[in-house]
>>> print(open('final-v7.cif').read())   # mmCIF, C-alpha atoms and all ligand atoms
data_final
#
loop_
_atom_site.label_atom_id
_atom_site.label_comp_id
_atom_site.auth_asym_id
_atom_site.auth_seq_id
_atom_site.Cartn_x
_atom_site.Cartn_y
_atom_site.Cartn_z
CA MET A 1 0.78 -24.64 -0.25
CA GLU A 2 3.85 -23.59 -2.18
CA SER A 3 2.40 -21.38 -4.89
CA VAL A 4 -0.74 -20.21 -6.67
CA GLU A 5 -0.25 -18.95 -10.19
CA ARG A 6 -2.54 -17.87 -12.96
CA ASP A 7 -1.67 -20.12 -15.86
CA SER A 8 -4.30 -18.95 -18.39
CA ASN A 9 -7.07 -16.36 -18.48
CA ILE A 10 -9.43 -18.84 -16.83
CA THR A 11 -7.27 -21.20 -14.71
CA TYR A 12 -4.97 -21.16 -11.70
CA THR A 13 -2.34 -23.76 -10.83
CA ILE A 14 -1.93 -24.46 -7.12
CA ARG A 15 1.24 -26.31 -6.08
CA PHE A 16 1.65 -28.15 -2.80
CA ARG A 17 3.90 -30.72 -1.24
CA ASP A 18 2.29 -34.06 -0.31
CA GLU A 19 3.89 -37.48 -0.14
CA ALA A 20 0.82 -39.48 -1.20
CA CYS A 21 0.27 -37.26 -4.25
CA SER A 22 3.92 -37.65 -5.27
CA LYS A 23 3.17 -41.36 -5.93
CA ALA A 24 -0.11 -40.86 -7.83
CA GLU A 25 -0.87 -42.16 -11.32
CA PRO A 26 -1.65 -39.57 -14.01
CA GLY A 27 -5.45 -39.30 -14.22
CA GLN A 28 -6.10 -39.87 -10.52
CA PHE A 29 -7.90 -37.13 -8.61
CA VAL A 30 -7.82 -35.60 -5.13
CA MET A 31 -10.57 -34.06 -3.01
CA ILE A 32 -9.79 -30.53 -1.90
CA TRP A 33 -11.91 -29.26 0.96
CA VAL A 34 -12.73 -25.58 0.99
CA PRO A 35 -14.12 -25.01 4.49
CA SER A 36 -17.68 -23.64 4.64
CA GLU A 37 -18.05 -24.01 0.84
CA ASN A 38 -17.51 -27.31 -0.93
CA GLU A 39 -15.23 -30.25 -1.36
CA CYS A 40 -13.99 -30.23 -4.94
CA PRO A 41 -12.64 -33.21 -6.92
CA MET A 42 -9.56 -32.08 -8.85
CA SER A 43 -7.27 -33.97 -11.22
CA LEU A 44 -3.59 -33.82 -10.39
CA SER A 45 -1.94 -31.69 -13.07
CA GLU A 46 1.56 -32.20 -11.70
CA ILE A 47 2.94 -35.27 -9.93
CA GLY A 48 6.28 -35.34 -8.16
CA ALA A 49 8.06 -33.70 -5.24
CA LEU A 50 5.54 -30.91 -5.81
CA ALA A 51 1.99 -31.86 -6.74
CA ALA A 52 -0.42 -29.46 -8.42
CA ILE A 53 -4.04 -28.95 -9.34
CA THR A 54 -5.17 -26.65 -12.14
CA VAL A 55 -8.46 -25.05 -11.24
CA ARG A 56 -11.08 -23.16 -13.20
CA PRO A 57 -13.14 -21.03 -10.83
CA VAL A 58 -16.76 -21.88 -11.66
CA GLY A 59 -18.49 -21.65 -8.29
CA ARG A 60 -17.99 -20.69 -4.67
CA GLY A 61 -15.58 -23.53 -3.74
CA THR A 62 -13.26 -23.14 -6.72
CA GLU A 63 -13.39 -19.32 -6.55
CA LYS A 64 -12.29 -19.38 -2.91
CA LEU A 65 -9.59 -21.94 -3.75
CA CYS A 66 -8.13 -19.74 -6.51
CA LYS A 67 -7.93 -16.75 -4.16
CA LYS A 68 -5.62 -18.61 -1.79
CA LYS A 69 -2.01 -17.47 -1.44
CA ALA A 70 1.27 -19.35 -1.06
CA GLY A 71 1.77 -20.39 2.55
CA GLU A 72 -1.96 -20.80 3.25
CA THR A 73 -3.48 -24.17 4.11
CA ILE A 74 -5.49 -26.54 1.93
CA TRP A 75 -7.03 -29.87 2.96
CA VAL A 76 -6.49 -32.81 0.64
CA ARG A 77 -7.82 -36.38 0.50
CA GLY A 78 -6.62 -38.93 -2.00
CA PRO A 79 -5.34 -39.58 -4.59
CA TYR A 80 -8.38 -41.61 -5.60
CA GLY A 81 -9.66 -43.57 -8.59
CA ARG A 82 -8.04 -45.25 -11.57
CA GLY A 83 -5.59 -43.28 -13.64
CA PHE A 84 -4.47 -43.77 -17.25
CA ALA A 85 -2.68 -47.03 -18.08
CA THR A 86 0.32 -46.42 -20.34
CA LYS A 87 0.14 -48.81 -23.31
CA GLY A 88 1.60 -49.10 -26.80
CA TYR A 89 4.28 -46.98 -28.46
CA SER A 90 2.43 -44.28 -30.38
CA ASN A 91 0.02 -42.19 -28.32
CA LEU A 92 -2.55 -39.53 -29.16
CA LEU A 93 -3.69 -37.33 -26.26
CA VAL A 94 -6.71 -35.03 -26.71
CA GLY A 95 -7.50 -32.47 -24.01
CA GLY A 96 -10.23 -29.84 -23.93
CA GLY A 97 -10.15 -26.95 -21.42
CA THR A 98 -9.34 -28.08 -17.86
CA GLY A 99 -9.32 -31.64 -19.27
CA ILE A 100 -5.78 -30.79 -20.40
CA ALA A 101 -4.64 -30.82 -16.74
CA PRO A 102 -4.44 -34.62 -16.13
CA LEU A 103 -2.97 -35.19 -19.61
CA MET A 104 0.16 -33.20 -18.76
CA PRO A 105 1.66 -35.67 -16.24
CA LEU A 106 0.55 -38.48 -18.57
CA ALA A 107 2.39 -36.91 -21.54
CA GLU A 108 5.48 -36.49 -19.34
CA LYS A 109 5.33 -40.13 -18.22
CA LEU A 110 4.90 -41.39 -21.80
CA VAL A 111 7.80 -39.29 -23.09
CA GLU A 112 10.07 -40.33 -20.23
CA SER A 113 9.42 -43.98 -21.09
CA GLY A 114 10.52 -43.37 -24.71
CA ARG A 115 7.08 -43.40 -26.37
CA ARG A 116 5.85 -41.20 -29.20
CA VAL A 117 3.32 -38.57 -28.14
CA THR A 118 1.01 -36.28 -30.10
CA LEU A 119 -0.92 -33.87 -27.88
CA ILE A 120 -4.00 -31.95 -29.02
CA LEU A 121 -4.72 -28.92 -26.83
CA ALA A 122 -8.13 -27.39 -27.39
CA GLY A 123 -9.83 -24.33 -25.94
CA GLN A 124 -12.14 -21.47 -26.86
CA THR A 125 -9.27 -18.99 -27.38
CA ALA A 126 -5.46 -19.12 -27.08
CA ASP A 127 -5.49 -17.39 -23.70
CA THR A 128 -7.91 -19.91 -22.16
CA ILE A 129 -5.74 -22.98 -22.81
CA PRO A 130 -4.25 -24.07 -19.45
CA LEU A 131 -0.59 -24.92 -18.91
CA LEU A 132 0.75 -23.65 -22.25
CA PRO A 133 4.34 -23.05 -21.03
CA ARG A 134 4.44 -26.63 -19.80
CA ALA A 135 3.16 -27.89 -23.16
CA ARG A 136 5.95 -25.93 -24.89
CA ARG A 137 8.52 -27.63 -22.67
CA LEU A 138 7.07 -30.98 -23.74
CA GLU A 139 7.45 -29.91 -27.37
CA LYS A 140 11.18 -29.45 -26.75
CA GLN A 141 11.24 -33.06 -25.48
CA GLY A 142 9.82 -34.31 -28.78
CA VAL A 143 6.04 -34.16 -28.20
CA GLU A 144 4.09 -33.06 -31.28
CA LEU A 145 1.70 -30.30 -30.20
CA ILE A 146 -1.47 -29.50 -32.12
CA TYR A 147 -3.48 -26.47 -31.01
CA VAL A 148 -7.19 -26.05 -31.76
CA THR A 149 -9.13 -22.92 -30.80
CA GLU A 150 -12.74 -22.04 -31.53
CA ASP A 151 -11.82 -18.48 -32.62
CA GLY A 152 -8.69 -19.52 -34.53
CA SER A 153 -6.39 -17.44 -32.27
CA LEU A 154 -3.98 -20.40 -31.99
CA GLY A 155 -3.57 -23.37 -34.35
CA PHE A 156 -6.58 -24.86 -36.15
CA LYS A 157 -9.86 -22.96 -36.01
CA GLY A 158 -12.55 -25.29 -34.69
CA VAL A 159 -13.07 -27.87 -31.98
CA ALA A 160 -10.76 -30.62 -30.74
CA THR A 161 -12.28 -33.29 -32.96
CA ASP A 162 -11.97 -31.31 -36.23
CA PRO A 163 -8.33 -32.19 -37.09
CA LEU A 164 -8.70 -35.80 -35.90
CA SER A 165 -9.64 -37.52 -39.16
CA ASN A 166 -6.60 -36.01 -40.94
CA ILE A 167 -4.25 -36.86 -38.07
CA LEU A 168 -5.51 -40.45 -38.03
CA LYS A 169 -5.08 -40.71 -41.81
CA GLU A 170 -1.46 -39.52 -41.58
CA SER A 171 -0.26 -41.59 -38.59
CA ARG A 172 -1.16 -44.81 -36.86
CA PHE A 173 -1.74 -44.61 -33.08
CA ASP A 174 -1.72 -47.49 -30.60
CA GLN A 175 -3.76 -45.65 -27.97
CA ILE A 176 -5.91 -42.54 -27.58
CA TYR A 177 -6.26 -40.80 -24.19
CA THR A 178 -8.76 -38.03 -23.63
CA CYS A 179 -10.22 -35.74 -20.99
CA GLY A 180 -12.55 -32.77 -21.42
CA PRO A 181 -16.21 -31.96 -22.06
CA GLU A 182 -18.38 -35.08 -22.37
CA GLU A 183 -19.61 -34.13 -25.85
CA MET A 184 -15.96 -34.07 -27.02
CA ILE A 185 -15.19 -37.40 -25.34
CA LYS A 186 -18.26 -38.99 -26.91
CA LYS A 187 -17.18 -37.89 -30.43
CA ILE A 188 -13.61 -39.10 -29.85
CA TYR A 189 -14.89 -42.43 -28.55
CA TYR A 190 -16.82 -43.03 -31.79
CA ILE A 191 -13.86 -41.91 -33.94
CA ALA A 192 -11.56 -44.28 -32.01
CA LYS A 193 -14.10 -47.09 -32.39
CA ALA A 194 -14.42 -46.51 -36.16
CA ASN A 195 -10.62 -46.55 -36.51
CA LYS A 196 -10.23 -49.56 -34.14
CA ILE A 197 -7.88 -47.67 -31.82
CA PRO A 198 -8.05 -48.45 -28.07
CA ILE A 199 -9.14 -45.43 -26.05
CA GLN A 200 -9.03 -44.35 -22.42
CA ALA A 201 -11.20 -41.41 -21.36
CA SER A 202 -11.53 -39.54 -18.08
CA LEU A 203 -15.16 -38.76 -17.23
CA GLU A 204 -16.59 -36.28 -14.74
CA ARG A 205 -19.61 -36.91 -12.53
CA TYR A 206 -20.74 -35.27 -9.29
CA ILE A 207 -18.24 -36.69 -6.81
CA LYS A 208 -19.25 -36.27 -3.19
CA CYS A 209 -17.67 -38.93 -0.94
CA SER A 210 -15.05 -40.21 -3.46
CA ILE A 211 -14.83 -43.52 -1.62
CA SER A 212 -17.74 -45.43 -3.22
CA LEU A 213 -20.22 -44.82 -0.40
CA CYS A 214 -22.78 -42.29 -1.58
CA GLY A 215 -23.57 -43.31 -5.19
CA SER A 216 -23.67 -39.72 -6.44
CA CYS A 217 -21.02 -40.41 -9.12
CA ALA A 218 -22.84 -43.43 -10.59
CA ILE A 219 -22.73 -43.83 -14.36
CA GLY A 220 -24.50 -46.98 -15.51
CA ARG A 221 -23.15 -49.82 -13.38
CA TYR A 222 -19.93 -47.97 -12.56
CA LEU A 223 -18.90 -45.46 -9.93
CA VAL A 224 -16.66 -42.74 -11.36
CA CYS A 225 -14.78 -42.34 -8.04
CA ARG A 226 -13.93 -46.05 -7.84
CA ASP A 227 -13.99 -47.50 -11.37
CA GLY A 228 -12.91 -44.22 -13.05
CA PRO A 229 -12.42 -41.41 -13.59
CA VAL A 230 -10.47 -43.08 -16.42
CA PHE A 231 -12.43 -45.75 -18.34
CA ASP A 232 -11.21 -47.95 -21.18
CA GLU A 233 -13.01 -48.71 -24.43
CA LYS A 234 -14.73 -51.84 -23.08
CA GLN A 235 -16.26 -49.83 -20.23
CA LEU A 236 -17.00 -46.84 -22.48
CA LYS A 237 -19.03 -49.15 -24.73
CA ASP A 238 -21.45 -49.56 -21.80
CA PHE A 239 -22.04 -45.78 -21.81
CA GLU A 240 -23.18 -45.58 -25.43
CA SER A 241 -26.85 -45.33 -24.37
CA ILE A 242 -26.30 -43.00 -21.41
CA TRP A 243 -23.84 -40.34 -22.61
CA GLY A 244 -24.74 -36.93 -21.25
CA LYS A 245 -27.45 -38.16 -18.91
CA PRO A 246 -27.09 -36.69 -15.40
CA ALA A 247 -25.94 -38.87 -12.51
CA LEU A 248 -27.98 -39.51 -9.38
CA LYS A 249 -28.99 -36.55 -7.27
CA PRO A 250 -25.92 -35.43 -5.31
CA GLY A 251 -25.73 -35.16 -1.55
CA LEU A 252 -27.04 -38.60 -0.59
CA ILE A 253 -24.87 -38.66 2.51
CA LYS A 254 -24.71 -35.79 4.96
CA GLY A 255 -21.87 -34.99 7.34
CA PHE A 256 -19.00 -34.92 4.83
CA PRO A 257 -16.31 -33.81 4.60
CA THR A 258 -15.37 -33.19 8.24
CA GLU A 259 -15.38 -36.90 9.13
CA LEU A 260 -12.94 -37.82 6.38
CA PRO A 261 -9.17 -38.30 6.72
CA PHE A 262 -7.80 -34.96 5.54
CA ARG A 263 -4.16 -34.10 5.55
CA LYS A 264 -3.51 -30.48 6.36
CA ILE A 265 -1.01 -29.06 3.88
CA HIS A 266 0.89 -25.89 4.62
CA LYS A 267 4.08 -24.37 3.31
CA GLY A 268 7.10 -26.59 3.88
CA ALA A 269 5.05 -29.62 5.08
C1 LIG B 1 -12.73 -36.49 -11.39
C2 LIG B 1 -12.89 -34.99 -11.53
C3 LIG B 1 -11.78 -34.21 -11.83
C4 LIG B 1 -11.91 -32.84 -11.94
N1 LIG B 1 -10.79 -32.11 -12.24
C5 LIG B 1 -10.88 -30.77 -12.36
C6 LIG B 1 -9.70 -30.00 -12.67
O1 LIG B 1 -8.60 -30.52 -12.85
N2 LIG B 1 -9.85 -28.64 -12.74
C7 LIG B 1 -11.06 -28.02 -12.56
O2 LIG B 1 -11.11 -26.77 -12.65
N3 LIG B 1 -12.19 -28.74 -12.29
C8 LIG B 1 -12.12 -30.08 -12.17
N4 LIG B 1 -13.26 -30.80 -11.88
C9 LIG B 1 -14.55 -30.09 -11.70
C10 LIG B 1 -14.59 -29.49 -10.29
O3 LIG B 1 -14.60 -30.52 -9.33
C11 LIG B 1 -15.84 -28.62 -10.09
O4 LIG B 1 -15.78 -27.53 -11.00
C12 LIG B 1 -15.89 -28.06 -8.68
O5 LIG B 1 -16.13 -29.10 -7.76
C13 LIG B 1 -16.95 -26.99 -8.58
O6 LIG B 1 -17.07 -26.59 -7.21
P1 LIG B 1 -17.60 -25.14 -6.82
O7 LIG B 1 -17.92 -25.12 -5.36
O8 LIG B 1 -16.66 -24.07 -7.29
O9 LIG B 1 -18.88 -24.94 -7.74
P2 LIG B 1 -20.42 -25.14 -7.49
O10 LIG B 1 -21.04 -23.78 -7.46
O11 LIG B 1 -20.75 -26.06 -6.36
O12 LIG B 1 -20.81 -25.86 -8.85
C14 LIG B 1 -20.38 -25.39 -10.13
C15 LIG B 1 -20.35 -26.56 -11.10
O13 LIG B 1 -19.42 -27.57 -10.68
C16 LIG B 1 -20.05 -28.84 -10.54
N5 LIG B 1 -19.64 -29.46 -9.26
C17 LIG B 1 -19.82 -28.94 -8.02
N6 LIG B 1 -19.36 -29.80 -7.08
C18 LIG B 1 -18.90 -30.88 -7.75
C19 LIG B 1 -18.37 -32.14 -7.34
N7 LIG B 1 -18.25 -32.45 -6.06
N8 LIG B 1 -18.03 -33.05 -8.29
C20 LIG B 1 -18.15 -32.73 -9.60
N9 LIG B 1 -18.68 -31.57 -10.05
C21 LIG B 1 -19.06 -30.66 -9.14
C22 LIG B 1 -21.54 -28.54 -10.46
O14 LIG B 1 -22.30 -29.58 -11.03
C23 LIG B 1 -21.69 -27.27 -11.25
O15 LIG B 1 -21.85 -27.52 -12.63
C24 LIG B 1 -13.18 -32.20 -11.76
C25 LIG B 1 -14.29 -32.97 -11.47
C26 LIG B 1 -14.17 -34.35 -11.36
C27 LIG B 1 -15.38 -35.18 -11.06
S1 LIG B 2 -18.63 -40.08 -4.98
FE1 LIG B 2 -18.54 -42.02 -5.84
S2 LIG B 2 -19.81 -43.17 -4.53
FE2 LIG B 2 -19.67 -41.25 -3.51
#
>>> encode(input="final-v7.cif", output="C-alpha cells")
Amino acid sequence: MESVERDSNITYTIRFRDEACSKAEPGQFVMIWVPSENECPMSLSEIGALAAITVRPVGRGTEKLCKKKAGETIWVRGPYGRGFATKGYSNLLVGGGTGIAPLMPLAEKLVESGRRVTLILAGQTADTIPLLPRARRLEKQGVELIYVTEDGSLGFKGVATDPLSNILKESRFDQIYTCGPEEMIKKIYYIAKANKIPIQASLERYIKCSISLCGSCAIGRYLVCRDGPVFDEKQLKDFESIWGKPALKPGLIKGFPTELPFRKIHKGA
C-alpha cells in the first residue's frame, strides 16, 4: 500500500499499486480481504499507475482497513463486474456518499475523451462528501460541479434528486450515470425514464464470492457481481418491482476467502 489518507470526515482513501487494477473500467469493484474479519467489495475510486479505494468505516472489516498505514499489506482480488459504458456527448453523473467514489474515474475518463460532464455530489454535510479536492480539480478541467447537502452547508440544501428537474429543464443530457443509496437510485431511475434519458446505475448487494458462485448478490434474475454492479435502463426496468428488497441470505458458501486467488500488495510492489 502506498498511502492511506482521510479524505472527508467519514471516508479514507487507500492507494496501492496493482497492474490488474490499472486496466480496470470505472465502476468495476475489487474484493479486499481483511484477515480474521471480512472480505469487502470496494469500488475503485482511482484507476491508473496507482489504484485507490475510498472506504467508509461501517463495520469491523472496513474499520480495520481504514486503520492500516502506508507500507502495510492488503489482499486484493479483481477487478470484477461490469463498469460504466461511456456513451453520448453530454453526461450527468449523480453520486451520493461513497457512491461518489466510482464516479470520479468515470468523470475523468469522460472529460479526457472530450465529453461534457455535469457532476452532482451529494452528502449529509459538506465535510462528509468524499474526494472533494479531486472534484475541484475536475472543475478546473471543465466539469460542472453541483453540490447538494442535507444541512445546506455546501451548495443546494436537500437531497441529490432535488435540483434534478431544474437541471434537466435547462440542459439536455445523453446519458445519466449514478451510484449511491438505493432510494436515490430508484428516484433517479424514474426521473430518467420520465425524461427518456438512458441511465446506468451501480447497485450494491451483499457480495460474498464475487465470481457468480454463491448467489448472495442475486437481484431478480441478475447477479450483481457478474451482471453488475452497473446496470443499464433495460436491466433496471426489471427491478421496478423489487427495489429495496433484500438479497438472498449471505454466506451460502463457506471457506472463502482463503481459497481465492489473492494478490498480496505491499509498498513498491
Ligand atoms: C459493488 C460494491 C461496491 C462497494 N463500494 C464501496 C466503496 O467504494 N466504499 C465503501 O465504503 N463501501 C463500499 N461498499 C460497501 C462495503 O463493501 C461494505 O460497507 C463493507 O463490506 C462492510 O464490511 P464491514 O466488515 O466493515 O462491515 P460489517 O459489520 O460486516 O457490515 C456493515 C454493513 O456492510 C454491509 N456488508 C458487509 N459485508 C458486505 C459485503 N460483502 N458486500 C456488501 N455489503 C456488505 C452489511 O450488510 C452491513 O450493512 C461496496 C459494496 C458493493 C457491493
Ligand atoms: S457474490 Fe455474486 S454470486 Fe457470489
>>> residues_around(input="final-v7.cif", residues="Lys23 (chain A)", least_positions_apart="2", cutoff="12 Å", atoms="only C-alpha atoms", output="PyMOL selection string")
chain A and resi 17-21+25-26+28+44+46-51+78-80+83+105
>>> residues_around(input="final-v7.cif", residues="Val224 (chain A)", least_positions_apart="5", cutoff="10 Å", atoms="all atoms listed in the file", output="PDB file with C-alpha atoms, in the frame of the given file")
ATOM      1  CA  GLY A  81      -9.660 -43.570  -8.590  1.00  0.00           C
ATOM      2  CA  ARG A  82      -8.040 -45.250 -11.570  1.00  0.00           C
ATOM      3  CA  SER A 202     -11.530 -39.540 -18.080  1.00  0.00           C
ATOM      4  CA  LEU A 203     -15.160 -38.760 -17.230  1.00  0.00           C
ATOM      5  CA  GLU A 204     -16.590 -36.280 -14.740  1.00  0.00           C
ATOM      6  CA  ARG A 205     -19.610 -36.910 -12.530  1.00  0.00           C
ATOM      7  CA  TYR A 206     -20.740 -35.270  -9.290  1.00  0.00           C
ATOM      8  CA  ILE A 207     -18.240 -36.690  -6.810  1.00  0.00           C
ATOM      9  CA  SER A 210     -15.050 -40.210  -3.460  1.00  0.00           C
ATOM     10  CA  ILE A 211     -14.830 -43.520  -1.620  1.00  0.00           C
ATOM     11  CA  SER A 212     -17.740 -45.430  -3.220  1.00  0.00           C
ATOM     12  CA  GLY A 215     -23.570 -43.310  -5.190  1.00  0.00           C
ATOM     13  CA  SER A 216     -23.670 -39.720  -6.440  1.00  0.00           C
ATOM     14  CA  CYS A 217     -21.020 -40.410  -9.120  1.00  0.00           C
ATOM     15  CA  ALA A 218     -22.840 -43.430 -10.590  1.00  0.00           C
ATOM     16  CA  ILE A 219     -22.730 -43.830 -14.360  1.00  0.00           C
ATOM     17  CA  PRO A 229     -12.420 -41.410 -13.590  1.00  0.00           C
ATOM     18  CA  VAL A 230     -10.470 -43.080 -16.420  1.00  0.00           C
ATOM     19  CA  PHE A 231     -12.430 -45.750 -18.340  1.00  0.00           C
TER      20      PHE A 231
END
>>> atom_distance(input="final-v7.cif", atom1="atom C14 of ligand LIG 1 (chain B)", atom2="CA of Glu39 (chain A)")
11.3 Å
>>> atom_distance(input="final-v7.cif", atom1="CA of Thr161 (chain A)", atom2="CA of Ser43 (chain A)")
22.3 Å
>>> residues_near_ligand(input="final-v7.cif", ligand="ligand LIG 1 (chain B)", cutoff="7 Å", atoms="all atoms listed in the file", output="ChimeraX atom specification")
/A:29,37-45,53-63,98-99,101-102,203-208,229
>>> closest_residue(input="final-v7.cif", among="A:Gly123, A:Pro130, A:Gly95, A:Gly152", to="Ala201 (chain A)", atoms="only C-alpha atoms")
A:Gly95
>>> residues_near_point(input="final-v7.cif", point="(-3.5, -45.7, -21.1)", cutoff="9 Å", atoms="all atoms listed in the file", output="MDAnalysis selection string")
chainID A and resid 83:88 91 106 175:177 198:201 230 232
>>> closest_residue(input="final-v7.cif", among="A:Phe16, A:Glu139, A:Lys69, A:Lys64", to="Val4 (chain A)", atoms="all atoms listed in the file")
A:Lys69
>>> atom_distance(input="final-v7.cif", atom1="CA of Val30 (chain A)", atom2="CA of Gly228 (chain A)")
12.8 Å
>>> axis_aligned_box(input="final-v7.cif", around="ligand LIG 2 (chain B)", padding_each_side="8 Å", output="AutoDock Vina command-line options")
--center_x -19.2 --center_y -41.6 --center_z -4.7 --size_x 17.3 --size_y 19.1 --size_z 18.3
>>> build_atoms(input="final-v7.cif", residues="region 124-135 of chain A", atoms="N, CA, C and O atoms", output="mmCIF file, in the coordinates of the input")
data_model
loop_
_atom_site.group_PDB
_atom_site.id
_atom_site.type_symbol
_atom_site.label_atom_id
_atom_site.label_comp_id
_atom_site.auth_asym_id
_atom_site.auth_seq_id
_atom_site.Cartn_x
_atom_site.Cartn_y
_atom_site.Cartn_z
ATOM 1 N N GLN A 124 -11.344 -22.433 -26.095
ATOM 2 C CA GLN A 124 -12.140 -21.470 -26.860
ATOM 3 C C GLN A 124 -11.236 -20.461 -27.569
ATOM 4 O O GLN A 124 -11.419 -20.144 -28.734
ATOM 5 N N THR A 125 -10.223 -19.958 -26.811
ATOM 6 C CA THR A 125 -9.270 -18.990 -27.380
ATOM 7 C C THR A 125 -7.882 -19.380 -26.879
ATOM 8 O O THR A 125 -7.761 -20.152 -25.923
ATOM 9 N N ALA A 126 -6.839 -18.790 -27.482
ATOM 10 C CA ALA A 126 -5.460 -19.120 -27.080
ATOM 11 C C ALA A 126 -5.235 -18.858 -25.596
ATOM 12 O O ALA A 126 -4.586 -19.640 -24.900
ATOM 13 N N ASP A 127 -5.801 -17.736 -25.095
ATOM 14 C CA ASP A 127 -5.490 -17.390 -23.700
ATOM 15 C C ASP A 127 -6.338 -18.139 -22.675
ATOM 16 O O ASP A 127 -6.245 -17.887 -21.477
ATOM 17 N N THR A 128 -7.180 -19.078 -23.129
ATOM 18 C CA THR A 128 -7.910 -19.910 -22.160
ATOM 19 C C THR A 128 -7.333 -21.335 -22.065
ATOM 20 O O THR A 128 -7.831 -22.154 -21.302
ATOM 21 N N ILE A 129 -6.311 -21.621 -22.852
ATOM 22 C CA ILE A 129 -5.740 -22.980 -22.810
ATOM 23 C C ILE A 129 -4.805 -23.077 -21.600
ATOM 24 O O ILE A 129 -3.815 -22.337 -21.513
ATOM 25 N N PRO A 130 -5.108 -23.974 -20.634
ATOM 26 C CA PRO A 130 -4.250 -24.070 -19.450
ATOM 27 C C PRO A 130 -2.877 -24.655 -19.758
ATOM 28 O O PRO A 130 -2.720 -25.407 -20.728
ATOM 29 N N LEU A 131 -1.909 -24.281 -18.953
ATOM 30 C CA LEU A 131 -0.590 -24.920 -18.910
ATOM 31 C C LEU A 131 0.201 -24.857 -20.218
ATOM 32 O O LEU A 131 0.955 -25.775 -20.535
ATOM 33 N N LEU A 132 0.037 -23.761 -20.971
ATOM 34 C CA LEU A 132 0.750 -23.650 -22.250
ATOM 35 C C LEU A 132 2.281 -23.688 -22.126
ATOM 36 O O LEU A 132 2.939 -24.396 -22.900
ATOM 37 N N PRO A 133 2.877 -22.985 -21.131
ATOM 38 C CA PRO A 133 4.340 -23.050 -21.030
ATOM 39 C C PRO A 133 4.837 -24.476 -20.806
ATOM 40 O O PRO A 133 5.869 -24.888 -21.341
ATOM 41 N N ARG A 134 4.053 -25.240 -20.052
ATOM 42 C CA ARG A 134 4.440 -26.630 -19.800
ATOM 43 C C ARG A 134 4.345 -27.446 -21.095
ATOM 44 O O ARG A 134 5.203 -28.289 -21.386
ATOM 45 N N ALA A 135 3.317 -27.186 -21.872
ATOM 46 C CA ALA A 135 3.160 -27.890 -23.160
ATOM 47 C C ALA A 135 4.365 -27.572 -24.049
ATOM 48 O O ALA A 135 4.893 -28.453 -24.736
#
